[in-house]
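structure_27.txt, holding compact mmCIF, C-alpha atoms:
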# COMPACT_ATOMS: atom_id res chain seq x y z
CA MET A 21 -36.85 -61.96 -0.31
CA LEU A 22 -38.84 -61.07 2.76
CA ASP A 23 -42.56 -60.33 2.61
CA ILE A 24 -42.83 -56.54 2.67
CA LYS A 25 -45.96 -56.80 4.81
CA PHE A 26 -43.94 -58.84 7.32
CA VAL A 27 -41.22 -56.17 7.37
CA ARG A 28 -43.77 -53.42 7.97
CA LYS A 29 -45.40 -55.32 10.81
CA ASN A 30 -42.14 -56.52 12.41
CA PRO A 31 -39.52 -53.78 12.00
CA ASP A 32 -37.88 -54.54 15.35
CA LEU A 33 -37.50 -58.25 14.49
CA VAL A 34 -36.00 -57.45 11.10
CA ALA A 35 -33.66 -54.87 12.64
CA MET A 36 -32.51 -57.41 15.25
CA SER A 37 -31.87 -60.03 12.56
CA LEU A 38 -29.80 -57.51 10.57
CA LYS A 39 -27.82 -56.65 13.68
CA LYS A 40 -27.13 -60.30 14.46
CA ARG A 41 -25.83 -60.81 10.93
CA GLY A 42 -23.59 -57.77 11.18
CA SER A 43 -25.43 -56.15 8.26
CA ASP A 44 -25.05 -52.43 7.70
CA LEU A 45 -28.50 -52.08 6.10
CA ASP A 46 -30.46 -49.23 7.68
CA MET A 47 -33.91 -50.24 8.88
CA GLY A 48 -34.64 -46.57 9.48
CA TYR A 49 -34.16 -45.89 5.77
CA PHE A 50 -36.92 -48.36 4.91
CA LEU A 51 -39.25 -46.92 7.55
CA ARG A 52 -38.71 -43.40 6.22
CA LEU A 53 -39.36 -44.57 2.66
CA ASP A 54 -42.48 -46.39 3.77
CA GLN A 55 -43.76 -43.35 5.63
CA GLU A 56 -43.12 -41.14 2.61
CA ARG A 57 -44.86 -43.71 0.41
CA ARG A 58 -47.99 -43.56 2.55
CA ARG A 59 -47.91 -39.76 2.49
CA VAL A 60 -47.60 -39.66 -1.31
CA ILE A 61 -50.41 -42.20 -1.76
CA GLN A 62 -52.70 -40.25 0.58
CA LYS A 63 -51.94 -36.96 -1.17
CA THR A 64 -52.47 -38.56 -4.58
CA GLU A 65 -55.86 -39.92 -3.53
CA GLU A 66 -56.87 -36.49 -2.23
CA LEU A 67 -55.89 -34.82 -5.51
CA LYS A 68 -57.70 -37.47 -7.53
CA MET A 69 -60.84 -36.77 -5.54
CA GLU A 70 -60.36 -33.07 -6.27
CA ARG A 71 -59.85 -33.87 -9.95
CA ASN A 72 -63.02 -35.93 -10.06
CA LYS A 73 -64.90 -33.09 -8.46
CA ALA A 74 -63.36 -30.57 -10.88
CA SER A 75 -64.21 -32.80 -13.85
CA ALA A 76 -67.83 -32.92 -12.70
CA GLU A 77 -67.87 -29.11 -12.42
CA VAL A 78 -66.47 -28.79 -15.96
CA ALA A 79 -69.15 -31.13 -17.30
CA LYS A 80 -71.85 -29.19 -15.47
CA ALA A 81 -70.55 -25.83 -16.72
CA ARG A 82 -70.43 -27.07 -20.30
CA LYS A 83 -73.97 -28.37 -20.02
CA GLN A 84 -75.07 -24.92 -18.86
CA GLY A 85 -73.12 -23.23 -21.64
CA GLN A 86 -70.69 -21.52 -19.27
CA ASP A 87 -67.03 -20.64 -19.92
CA THR A 88 -64.89 -23.59 -18.69
CA SER A 89 -61.41 -22.23 -19.46
CA GLY A 90 -60.60 -21.42 -15.83
CA LEU A 91 -61.93 -24.75 -14.64
CA LEU A 92 -59.90 -26.58 -17.30
CA THR A 93 -56.74 -24.74 -16.24
CA GLY A 94 -57.27 -25.86 -12.65
CA LEU A 95 -58.04 -29.37 -13.83
CA GLY A 96 -54.80 -29.46 -15.82
CA GLU A 97 -52.82 -28.30 -12.81
CA LEU A 98 -54.36 -31.07 -10.71
CA SER A 99 -53.48 -33.65 -13.37
CA SER A 100 -49.89 -32.38 -13.52
CA ARG A 101 -49.53 -32.60 -9.77
CA ILE A 102 -50.94 -36.14 -9.80
CA LYS A 103 -48.45 -37.15 -12.52
CA GLU A 104 -45.61 -35.75 -10.43
CA LEU A 105 -46.79 -37.70 -7.38
CA ASP A 106 -47.19 -40.88 -9.47
CA ALA A 107 -43.59 -40.48 -10.64
CA ALA A 108 -42.46 -39.88 -7.06
CA LEU A 109 -44.32 -43.01 -5.95
CA ARG A 110 -42.65 -45.11 -8.66
CA GLU A 111 -39.24 -43.90 -7.53
CA ILE A 112 -40.07 -44.67 -3.90
CA ASP A 113 -41.33 -48.14 -4.84
CA GLU A 114 -38.12 -48.80 -6.79
CA ASN A 115 -36.04 -47.74 -3.78
CA VAL A 116 -38.15 -49.93 -1.50
CA GLN A 117 -37.72 -52.88 -3.87
CA ASP A 118 -33.95 -52.33 -4.08
CA TRP A 119 -33.78 -52.25 -0.30
CA ILE A 120 -35.95 -55.32 0.26
CA MET A 121 -33.90 -57.29 -2.30
CA SER A 122 -30.77 -56.47 -0.29
CA VAL A 123 -32.17 -57.70 3.02
CA PRO A 124 -30.88 -61.15 4.09
CA ASN A 125 -33.23 -63.79 5.41
CA ILE A 126 -34.46 -63.69 8.98
CA VAL A 127 -32.19 -65.75 11.23
CA HIS A 128 -33.86 -68.84 12.69
CA GLU A 129 -34.16 -68.81 16.46
CA ASP A 130 -31.87 -71.87 16.81
CA VAL A 131 -28.92 -70.16 15.09
CA PRO A 132 -26.18 -69.25 17.60
CA ASP A 133 -25.00 -65.66 17.84
CA GLY A 134 -21.50 -64.95 16.58
CA LEU A 135 -19.33 -62.73 14.41
CA ASN A 136 -17.58 -65.20 12.09
CA GLU A 137 -16.67 -68.84 11.47
CA ASP A 138 -14.76 -68.98 14.76
CA ASP A 139 -18.12 -68.73 16.53
CA ASN A 140 -19.80 -71.62 14.70
CA LEU A 141 -21.15 -74.30 17.02
CA GLU A 142 -19.88 -77.87 16.71
CA ILE A 143 -22.73 -80.32 17.28
CA LYS A 144 -21.29 -83.72 16.33
CA LYS A 145 -18.33 -85.68 15.03
CA TRP A 146 -18.09 -88.96 13.14
CA GLY A 147 -15.14 -91.33 12.94
CA ASN A 148 -11.59 -90.79 14.11
CA ARG A 149 -8.68 -88.81 12.80
CA PRO A 150 -6.13 -91.02 11.05
CA VAL A 151 -2.80 -91.54 12.81
CA PHE A 152 0.41 -91.40 10.75
CA SER A 153 3.94 -92.54 11.46
CA PHE A 154 5.16 -89.73 9.19
CA THR A 155 4.34 -86.08 8.60
CA PRO A 156 1.23 -86.13 6.38
CA ARG A 157 1.51 -84.31 3.06
CA GLU A 158 -0.97 -81.87 1.59
CA HIS A 159 -3.10 -82.99 -1.34
CA TRP A 160 -1.38 -80.90 -4.02
CA GLU A 161 1.96 -82.52 -3.19
CA ILE A 162 0.47 -86.00 -3.39
CA GLY A 163 -1.48 -85.22 -6.54
CA THR A 164 1.39 -83.66 -8.44
CA ARG A 165 3.94 -86.32 -7.38
CA LEU A 166 1.59 -89.01 -8.71
CA LYS A 167 1.10 -86.98 -11.91
CA GLY A 168 -2.67 -86.71 -11.47
CA LEU A 169 -2.94 -82.98 -10.88
CA ASP A 170 -1.18 -80.42 -13.06
CA PHE A 171 -1.59 -76.83 -11.92
CA GLU A 172 1.05 -75.43 -14.27
CA LYS A 173 -0.80 -76.65 -17.35
CA GLY A 174 -4.07 -75.30 -15.97
CA ALA A 175 -2.48 -71.90 -15.44
CA SER A 176 -0.89 -71.98 -18.89
CA VAL A 177 -4.09 -72.90 -20.73
CA THR A 178 -6.42 -70.64 -18.72
CA GLY A 179 -4.98 -68.93 -15.66
CA SER A 180 -4.63 -69.22 -11.91
CA ARG A 181 -7.13 -71.39 -9.98
CA PHE A 182 -7.52 -73.88 -12.84
CA VAL A 183 -6.12 -77.39 -12.98
CA PHE A 184 -5.77 -80.36 -15.31
CA TYR A 185 -6.77 -83.80 -13.99
CA PHE A 186 -4.90 -86.69 -15.61
CA ASP A 187 -5.11 -90.47 -15.49
CA TRP A 188 -6.11 -91.73 -12.02
CA ALA A 189 -7.24 -88.25 -10.87
CA ALA A 190 -9.61 -87.80 -13.81
CA ARG A 191 -10.94 -91.30 -13.26
CA MET A 192 -11.39 -90.73 -9.54
CA GLU A 193 -13.28 -87.47 -10.13
CA ARG A 194 -15.65 -89.33 -12.45
CA ALA A 195 -15.89 -92.22 -10.00
CA LEU A 196 -16.83 -89.91 -7.14
CA ILE A 197 -19.54 -88.24 -9.21
CA ASN A 198 -21.09 -91.59 -10.15
CA PHE A 199 -20.78 -92.92 -6.60
CA MET A 200 -22.44 -89.83 -5.09
CA LEU A 201 -25.27 -89.81 -7.61
CA ASP A 202 -25.93 -93.52 -7.12
CA VAL A 203 -26.20 -93.11 -3.35
CA GLN A 204 -28.40 -90.03 -3.52
CA THR A 205 -30.77 -91.39 -6.17
CA MET A 206 -30.89 -95.10 -5.35
CA GLU A 207 -30.75 -94.89 -1.55
CA HIS A 208 -32.19 -91.47 -0.77
CA GLY A 209 -34.78 -91.10 -3.52
CA TYR A 210 -33.61 -87.98 -5.32
CA THR A 211 -34.59 -87.47 -8.96
CA GLU A 212 -31.40 -87.30 -11.02
CA THR A 213 -31.21 -84.22 -13.19
CA ILE A 214 -28.91 -82.71 -15.80
CA PRO A 215 -29.70 -78.99 -15.68
CA PRO A 216 -28.41 -76.11 -17.81
CA MET A 217 -25.07 -74.76 -16.64
CA MET A 218 -26.00 -71.27 -17.78
CA VAL A 219 -29.03 -69.44 -16.39
CA ASN A 220 -30.68 -66.08 -16.92
CA ARG A 221 -30.83 -63.09 -14.61
CA ALA A 222 -34.28 -63.97 -13.28
CA SER A 223 -33.07 -67.38 -12.10
CA MET A 224 -30.00 -65.91 -10.40
CA THR A 225 -32.23 -63.33 -8.72
CA ALA A 226 -34.66 -65.98 -7.49
CA THR A 227 -31.97 -67.89 -5.61
CA GLY A 228 -30.38 -64.74 -4.17
CA GLN A 229 -27.13 -64.47 -6.15
CA LEU A 230 -28.42 -61.29 -7.77
CA PRO A 231 -28.39 -58.40 -7.37
CA LYS A 232 -26.11 -58.49 -4.32
CA PHE A 233 -23.39 -60.93 -5.46
CA GLU A 234 -22.95 -60.22 -9.16
CA SER A 235 -19.19 -59.71 -8.70
CA ASP A 236 -18.91 -63.38 -7.65
CA LEU A 237 -20.36 -64.59 -10.95
CA PHE A 238 -19.08 -65.20 -14.46
CA LYS A 239 -21.36 -63.46 -16.99
CA VAL A 240 -21.45 -64.46 -20.66
CA GLU A 241 -20.45 -61.42 -22.73
CA GLY A 242 -23.25 -60.22 -24.99
CA TRP A 243 -25.88 -62.34 -23.25
CA GLU A 244 -27.98 -62.04 -20.11
CA TYR A 245 -26.68 -65.48 -19.14
CA PHE A 246 -24.48 -66.43 -16.20
CA LEU A 247 -22.39 -69.55 -15.61
CA ILE A 248 -23.86 -71.26 -12.57
CA PRO A 249 -21.96 -71.04 -9.26
CA THR A 250 -23.83 -74.16 -8.11
CA ALA A 251 -26.59 -76.44 -9.41
CA GLU A 252 -28.76 -74.96 -6.66
CA VAL A 253 -29.64 -72.18 -9.10
CA PRO A 254 -31.18 -74.17 -11.98
CA LEU A 255 -32.64 -76.82 -9.69
CA THR A 256 -34.40 -74.33 -7.43
CA ASN A 257 -35.85 -72.61 -10.50
CA ILE A 258 -37.43 -75.80 -11.87
CA TYR A 259 -40.79 -74.62 -10.50
CA GLN A 260 -40.24 -70.88 -10.96
CA GLY A 261 -43.63 -69.16 -11.34
CA GLU A 262 -45.52 -72.43 -10.83
CA ILE A 263 -48.03 -73.75 -8.31
CA MET A 264 -47.22 -77.25 -7.07
CA ALA A 265 -49.68 -79.71 -5.60
CA GLU A 266 -49.34 -80.26 -1.86
CA ALA A 267 -49.15 -84.01 -2.55
CA ASP A 268 -45.91 -83.40 -4.49
CA LEU A 269 -44.13 -82.13 -1.37
CA PRO A 270 -41.44 -82.87 -0.47
CA ARG A 271 -39.70 -83.23 -3.83
CA GLY A 272 -35.95 -83.72 -4.13
CA PHE A 273 -33.58 -83.33 -7.07
CA ALA A 274 -29.91 -84.26 -7.41
CA ALA A 275 -27.54 -83.04 -10.10
CA TYR A 276 -23.89 -83.17 -10.98
CA THR A 277 -22.61 -80.00 -12.63
CA ALA A 278 -19.46 -78.04 -13.06
CA CYS A 279 -19.61 -74.86 -10.96
CA PHE A 280 -18.01 -71.50 -11.78
CA ARG A 281 -17.08 -68.83 -9.24
CA SER A 282 -14.95 -65.73 -9.59
CA GLU A 283 -13.93 -66.04 -5.92
CA ALA A 284 -14.11 -62.27 -5.58
CA GLY A 285 -12.58 -61.21 -2.28
CA SER A 286 -10.64 -64.46 -1.84
CA HIS A 287 -7.31 -63.17 -3.16
CA GLY A 288 -4.46 -64.90 -1.34
CA LYS A 289 -6.72 -67.62 0.11
CA ASP A 290 -6.12 -71.26 -0.81
CA THR A 291 -3.94 -70.33 -3.76
CA ARG A 292 -2.44 -73.83 -3.82
CA GLY A 293 -4.37 -76.98 -4.55
CA ILE A 294 -7.99 -77.55 -5.54
CA ILE A 295 -9.79 -76.25 -2.46
CA ARG A 296 -10.79 -72.94 -4.09
CA GLN A 297 -10.94 -73.13 -7.89
CA HIS A 298 -12.76 -71.00 -10.44
CA GLN A 299 -14.19 -74.22 -11.91
CA PHE A 300 -15.04 -77.29 -9.87
CA ASN A 301 -17.47 -80.21 -9.82
CA LYS A 302 -20.24 -80.76 -7.31
CA VAL A 303 -23.21 -83.01 -6.71
CA GLU A 304 -26.02 -80.77 -5.44
CA LEU A 305 -29.19 -81.72 -3.58
CA VAL A 306 -32.31 -79.51 -3.61
CA TRP A 307 -35.62 -79.98 -1.84
CA PHE A 308 -39.02 -78.34 -2.24
CA ALA A 309 -40.65 -78.84 1.14
CA HIS A 310 -43.88 -78.13 2.96
CA PRO A 311 -43.34 -75.04 5.17
CA ASP A 312 -44.66 -76.89 8.22
CA ARG A 313 -42.07 -79.67 7.86
CA SER A 314 -39.03 -78.06 6.26
CA TYR A 315 -36.81 -78.31 9.34
CA GLU A 316 -37.40 -82.07 9.47
CA GLN A 317 -36.29 -82.06 5.83
CA LEU A 318 -33.16 -80.12 6.75
CA GLU A 319 -32.12 -82.84 9.19
CA LEU A 320 -32.72 -85.47 6.50
CA LEU A 321 -30.72 -83.48 3.96
CA LEU A 322 -27.82 -83.24 6.41
CA SER A 323 -27.86 -87.01 6.92
CA HIS A 324 -27.69 -87.53 3.14
CA ALA A 325 -24.56 -85.41 2.90
CA GLU A 326 -22.99 -87.18 5.89
CA LYS A 327 -23.71 -90.60 4.41
CA ILE A 328 -21.20 -90.09 1.60
CA LEU A 329 -18.35 -89.44 4.04
CA GLN A 330 -19.42 -92.33 6.25
CA LEU A 331 -19.33 -94.73 3.31
CA LEU A 332 -15.89 -93.42 2.34
CA GLY A 333 -14.70 -93.77 5.95
CA ILE A 334 -13.56 -90.15 6.35
CA HIS A 335 -13.65 -88.37 9.70
CA TYR A 336 -15.75 -85.19 9.81
CA ARG A 337 -17.64 -82.88 12.08
CA VAL A 338 -20.90 -80.90 11.74
CA VAL A 339 -21.23 -77.28 12.83
CA VAL A 340 -24.19 -74.90 12.95
CA LEU A 341 -23.24 -71.61 11.33
CA CYS A 342 -23.51 -68.62 13.63
CA THR A 343 -25.40 -65.45 12.71
CA GLY A 344 -22.30 -63.68 11.40
CA ASP A 345 -21.30 -66.57 9.12
CA LEU A 346 -24.75 -67.40 7.79
CA GLY A 347 -25.37 -67.12 4.04
CA PHE A 348 -27.49 -64.29 2.64
CA GLY A 349 -30.61 -66.32 1.91
CA SER A 350 -30.36 -69.00 4.58
CA ALA A 351 -32.36 -69.09 7.78
CA LYS A 352 -30.26 -71.92 9.20
CA THR A 353 -27.21 -73.79 7.86
CA TYR A 354 -25.24 -76.85 8.85
CA ASP A 355 -21.70 -77.16 7.52
CA VAL A 356 -20.14 -80.60 7.20
CA GLU A 357 -16.40 -80.16 7.68
CA VAL A 358 -13.97 -82.89 6.72
CA TRP A 359 -10.66 -83.41 8.50
CA LEU A 360 -7.60 -82.77 6.30
CA PRO A 361 -4.43 -84.19 7.94
CA GLY A 362 -2.06 -82.46 5.52
CA GLN A 363 -3.50 -79.08 6.44
CA GLY A 364 -4.16 -80.08 10.04
CA ARG A 365 -7.62 -78.54 10.03
CA TYR A 366 -11.28 -79.06 9.20
CA ARG A 367 -12.57 -77.74 5.86
CA GLU A 368 -16.14 -77.34 4.70
CA ILE A 369 -17.24 -79.97 2.19
CA SER A 370 -21.02 -79.44 2.30
CA SER A 371 -23.39 -76.72 3.44
CA CYS A 372 -26.99 -77.79 4.10
CA SER A 373 -29.39 -74.87 4.34
CA ASN A 374 -33.07 -74.11 4.84
CA PHE A 375 -34.07 -70.94 2.99
CA GLU A 376 -37.67 -71.18 4.20
CA ASP A 377 -39.76 -69.11 1.72
CA PHE A 378 -36.98 -66.61 0.94
CA GLN A 379 -36.13 -68.05 -2.50
CA ALA A 380 -39.66 -69.23 -3.22
CA ARG A 381 -40.99 -65.71 -2.76
CA ARG A 382 -38.40 -64.35 -5.22
CA GLY A 383 -39.15 -67.13 -7.70
CA ASN A 384 -42.91 -67.20 -7.00
CA ILE A 385 -42.91 -70.93 -6.21
CA ARG A 386 -46.11 -71.91 -4.42
CA PHE A 387 -48.30 -74.90 -3.64
CA LYS A 388 -52.05 -75.40 -3.40
CA PRO A 389 -53.19 -76.92 -0.08
CA SER A 390 -55.08 -80.15 -0.67
CA GLN A 391 -57.85 -79.08 1.72
CA GLY A 392 -58.39 -75.82 -0.11
CA GLY A 393 -57.54 -72.29 0.87
CA LYS A 394 -54.99 -69.82 -0.43
CA THR A 395 -51.80 -70.91 -2.11
CA ARG A 396 -48.67 -70.81 0.06
CA PHE A 397 -45.01 -70.44 -0.72
CA VAL A 398 -42.96 -73.64 -0.51
CA HIS A 399 -39.75 -73.84 1.50
CA THR A 400 -36.56 -74.55 -0.44
CA LEU A 401 -33.48 -76.32 0.89
CA ASN A 402 -30.17 -77.28 -0.64
CA GLY A 403 -26.90 -78.93 0.22
CA SER A 404 -23.84 -80.42 -1.42
CA GLY A 405 -23.81 -84.15 -1.64
CA LEU A 406 -20.77 -83.52 -1.97
CA ALA A 407 -18.24 -81.09 -3.42
CA VAL A 408 -16.32 -83.55 -5.60
CA GLY A 409 -12.89 -81.92 -5.69
CA ARG A 410 -12.82 -81.42 -1.94
CA THR A 411 -13.81 -85.06 -1.48
CA MET A 412 -10.79 -86.05 -3.55
CA VAL A 413 -8.66 -83.79 -1.36
CA ALA A 414 -9.98 -85.61 1.71
CA ILE A 415 -9.20 -89.03 0.19
CA LEU A 416 -5.65 -88.08 -0.77
CA GLU A 417 -4.83 -86.62 2.63
CA ASN A 418 -6.63 -89.14 4.85
CA PHE A 419 -5.55 -92.32 3.04
CA GLN A 420 -1.99 -91.34 2.08
CA GLN A 421 0.87 -93.75 2.71
CA ASN A 422 4.49 -93.17 3.68
CA ASP A 423 5.72 -94.09 0.18
CA GLY A 424 3.63 -91.32 -1.43
CA SER A 425 0.80 -93.58 -2.58
CA PHE A 426 -2.76 -93.54 -1.23
CA ILE A 427 -5.44 -96.17 -0.58
CA VAL A 428 -8.66 -96.02 -2.60
CA PRO A 429 -11.70 -96.30 -0.27
CA GLU A 430 -13.35 -99.69 -0.64
CA VAL A 431 -16.75 -98.35 -1.77
CA LEU A 432 -15.06 -96.43 -4.58
CA ARG A 433 -13.08 -99.35 -6.01
CA PRO A 434 -15.89 -100.73 -8.21
CA TYR A 435 -16.04 -97.30 -9.87
CA MET A 436 -12.24 -97.33 -10.31
CA GLY A 437 -11.99 -100.67 -12.11
CA GLY A 438 -10.97 -102.46 -8.92
CA ILE A 439 -7.93 -100.27 -8.18
CA GLU A 440 -7.09 -100.51 -4.49
CA ARG A 441 -4.10 -98.23 -4.33
CA VAL A 442 -2.69 -95.41 -6.46
CA GLY A 443 1.05 -94.97 -6.74
CA GLN A 444 2.10 -98.25 -5.24
CA LYS A 445 5.49 -99.38 -6.51
CA GLY A 446 5.86 -102.72 -8.15

Would you mind writing the file out in structure tokens?
Amino acid sequence: MLDIKFVRKNPDLVAMSLKKRGSDLDMGYFLRLDQERRRVIQKTEELKMERNKASAEVAKARKQGQDTSGLLTGLGELSSRIKELDAALREIDENVQDWIMSVPNIVHEDVPDGLNEDDNLEIKKWGNRPVFSFTPREHWEIGTRLKGLDFEKGASVTGSRFVFYFDWAARMERALINFMLDVQTMEHGYTETIPPMMVNRASMTATGQLPKFESDLFKVEGWEYFLIPTAEVPLTNIYQGEIMAEADLPRGFAAYTACFRSEAGSHGKDTRGIIRQHQFNKVELVWFAHPDRSYEQLELLLSHAEKILQLLGIHYRVVVLCTGDLGFGSAKTYDVEVWLPGQGRYREISSCSNFEDFQARRGNIRFKPSQGGKTRFVHTLNGSGLAVGRTMVAILENFQQNDGSFIVPEVLRPYMGGIERVGQKG
């Protein structure tokens, strides 16, 4: 959420940010509401002054034994008009709040202009694309042939976009989770966390999923609880409504959770395989950072996500999301995109974002400067470290062999009981 005082002082900047994002929110609507709000407040104050004056006249008339019926009638009319204006002001404030909650974050000056993902800016690559002597297969073909992925059973038990993992696939999913958590906690210093996988409306609102994206969420019937779309939500809300010490910044948390998304608006996209499921596993990284150093933290967060792919030996690239592809609450985002030979394209496997104080303002997460002074909002950042299912996709497609088997990356073998290859005959 943006600071309403900032919006009032910088309407042109906010309007330009909305335009860059391709948002259809009307800045003029807010300005008209704000102007009407000031008019109503001014008129209310004038009437209250009149009421105070009228009350004094009533008291004086009573003291002198005069008839006060006419004065009381006028006083009642003033009170009624004030009540009407108070009601009008509440309605205006509600409309202002609804509008401000729908405004995306201000785009950071380094974010390139663009309309969609085609305009994202590639800034680096790591490793080389694998070369095959055969036409590489897509992951669902490899996974089903090796009897590790069963989409038919997933659809039968639940519905489309669900899958059963069996045998080596289930073990590899668990291995990847443990491997990722070990790297992020032991090498990068994150505090490992097991958060709730259901959160309340206030937590979803704090991180920006509500009210704008409720259709993307799974809500628990009869409860004001939602299944989390990412561990970002519970982790970011760890300090909701609290004041941290400046000495505690930065503070990083890592968590493995299942994630649940309705994938509203994605009908027909990635209907095969495990790229876009309603339920998937992810290791999430969240930072609470000092506002003066949060962009240094963003670069560090990006390197932590990249490290997993480097250890696995998988080629990837990093892009900066353009204004038209930037997430609602993010000021700047890097996407790490892994190369998938079977699909012949790059696919996002981690998004690393700086939300600045956008989420902290919604969740009222502040810190007290050690040298004194007013409390300030922290900056929050998050990124996948990594999406587990998509990492398995990358392993299957990048390390596949002509006979239908695939090589297990060396760093993962200790987590797989020493297995070097899955599907090898003999």

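For the set A:Phe426, A:Tyr354, A:Tyr210, A:Phe182, the residue with the smallest atom-to-atom gap to Arg281 of chain A is A:Phe182, counting all atoms listed in the file.
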
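Taking atom CA of Ser350 of chain A as the reference point, atom CA of Asn374 of chain A is found at 5.8 Å.
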
- Message: Need the shell around Ser373 of chain A: protein/DNA/RNA residues with any atom at most 10 Å away, counting only C-alpha atoms. Skip same-chain ones fewer than 3 positions apart. Format as a ChimeraX atom specification?
- Response: /A:306,315,318-319,321-322,341,346-347,349-355,370,376,400-404

Please define a box with edges along x, y and z of the file around all atoms of segment 329-342 of chain A given in the file, extend it by 5 Å on each side, and return its centre and edge lengths in Å to one decimal, as lines of an AutoDock Vina configuration file.
center_x = -18.9
center_y = -81.7
center_z = 8.0
size_x = 20.6
size_y = 36.1
size_z = 21.3

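Distance-wise, atom CA of Gly438 of chain A and atom CA of Ser323 of chain A end up 27.8 Å apart.
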
Hey, could you make a per-residue contact list for segment 281-399 of chain A against segment 247-263 of chain A with 6 Å as the cut-off, showing the nearest pair of atoms and its distance in Å to one decimal, counting only C-alpha atoms, sorted by chain and number, as JSON lines?
{"residue": "A:Arg281", "atom": "CA", "partner": "A:Pro249", "partner_atom": "CA", "distance": 5.4}
{"residue": "A:Glu304", "atom": "CA", "partner": "A:Ala251", "partner_atom": "CA", "distance": 5.9}
{"residue": "A:Gly383", "atom": "CA", "partner": "A:Gln260", "partner_atom": "CA", "distance": 5.1}
{"residue": "A:Asn384", "atom": "CA", "partner": "A:Gly261", "partner_atom": "CA", "distance": 4.8}
{"residue": "A:Ile385", "atom": "CA", "partner": "A:Gln260", "partner_atom": "CA", "distance": 5.4}
{"residue": "A:Arg386", "atom": "CA", "partner": "A:Ile263", "partner_atom": "CA", "distance": 4.7}
{"residue": "A:Phe387", "atom": "CA", "partner": "A:Ile263", "partner_atom": "CA", "distance": 4.8}

- At most 10 Å from (-40.0, -59.6, -4.7), file frame, only C-alpha atoms: which residues, as a ChimeraX atom specification? /A:21-24,117-118,120-121,225-226,378-384

Test item: write segment 366-403 of chain A with C-alpha atoms as a PDB file, in the first residue's frame:
ATOM      1  CA  TYR A 366      13.312 -20.610 -20.854  1.00  0.00           C
ATOM      2  CA  ARG A 367      10.809 -20.886 -17.991  1.00  0.00           C
ATOM      3  CA  GLU A 368      10.692 -18.929 -14.756  1.00  0.00           C
ATOM      4  CA  ILE A 369      11.857 -20.901 -11.726  1.00  0.00           C
ATOM      5  CA  SER A 370      12.324 -18.054  -9.237  1.00  0.00           C
ATOM      6  CA  SER A 371      11.163 -14.464  -8.893  1.00  0.00           C
ATOM      7  CA  CYS A 372      13.201 -12.254  -6.555  1.00  0.00           C
ATOM      8  CA  SER A 373      11.427  -9.030  -5.638  1.00  0.00           C
ATOM      9  CA  ASN A 374      11.867  -5.922  -3.519  1.00  0.00           C
ATOM     10  CA  PHE A 375       8.524  -4.639  -2.253  1.00  0.00           C
ATOM     11  CA  GLU A 376      10.145  -1.709  -0.449  1.00  0.00           C
ATOM     12  CA  ASP A 377       7.634  -0.604   2.250  1.00  0.00           C
ATOM     13  CA  PHE A 378       4.532  -1.608   0.253  1.00  0.00           C
ATOM     14  CA  GLN A 379       3.796  -4.777   2.262  1.00  0.00           C
ATOM     15  CA  ALA A 380       5.210  -3.421   5.513  1.00  0.00           C
ATOM     16  CA  ARG A 381       2.805  -0.482   5.393  1.00  0.00           C
ATOM     17  CA  ARG A 382      -0.145  -2.854   4.903  1.00  0.00           C
ATOM     18  CA  GLY A 383       1.079  -5.121   7.695  1.00  0.00           C
ATOM     19  CA  ASN A 384       2.332  -2.269   9.910  1.00  0.00           C
ATOM     20  CA  ILE A 385       5.839  -3.740  10.192  1.00  0.00           C
ATOM     21  CA  ARG A 386       8.277  -1.138  11.475  1.00  0.00           C
ATOM     22  CA  PHE A 387      11.655  -0.778  13.157  1.00  0.00           C
ATOM     23  CA  LYS A 388      13.031   1.598  15.767  1.00  0.00           C
ATOM     24  CA  PRO A 389      16.238   3.393  14.684  1.00  0.00           C
ATOM     25  CA  SER A 390      19.055   2.684  17.116  1.00  0.00           C
ATOM     26  CA  GLN A 391      19.990   6.372  17.252  1.00  0.00           C
ATOM     27  CA  GLY A 392      16.479   7.403  18.164  1.00  0.00           C
ATOM     28  CA  GLY A 393      13.840   9.165  16.135  1.00  0.00           C
ATOM     29  CA  LYS A 394      10.551   8.025  14.668  1.00  0.00           C
ATOM     30  CA  THR A 395       9.895   4.426  13.750  1.00  0.00           C
ATOM     31  CA  ARG A 396      10.213   3.569  10.056  1.00  0.00           C
ATOM     32  CA  PHE A 397       8.684   0.887   7.902  1.00  0.00           C
ATOM     33  CA  VAL A 398      10.996  -1.995   6.995  1.00  0.00           C
ATOM     34  CA  HIS A 399      11.455  -3.144   3.409  1.00  0.00           C
ATOM     35  CA  THR A 400      10.354  -6.684   2.591  1.00  0.00           C
ATOM     36  CA  LEU A 401      11.811  -8.917  -0.104  1.00  0.00           C
ATOM     37  CA  ASN A 402      11.090 -12.447  -1.222  1.00  0.00           C
ATOM     38  CA  GLY A 403      12.164 -15.006  -3.767  1.00  0.00           C
TER      39      GLY A 403
END
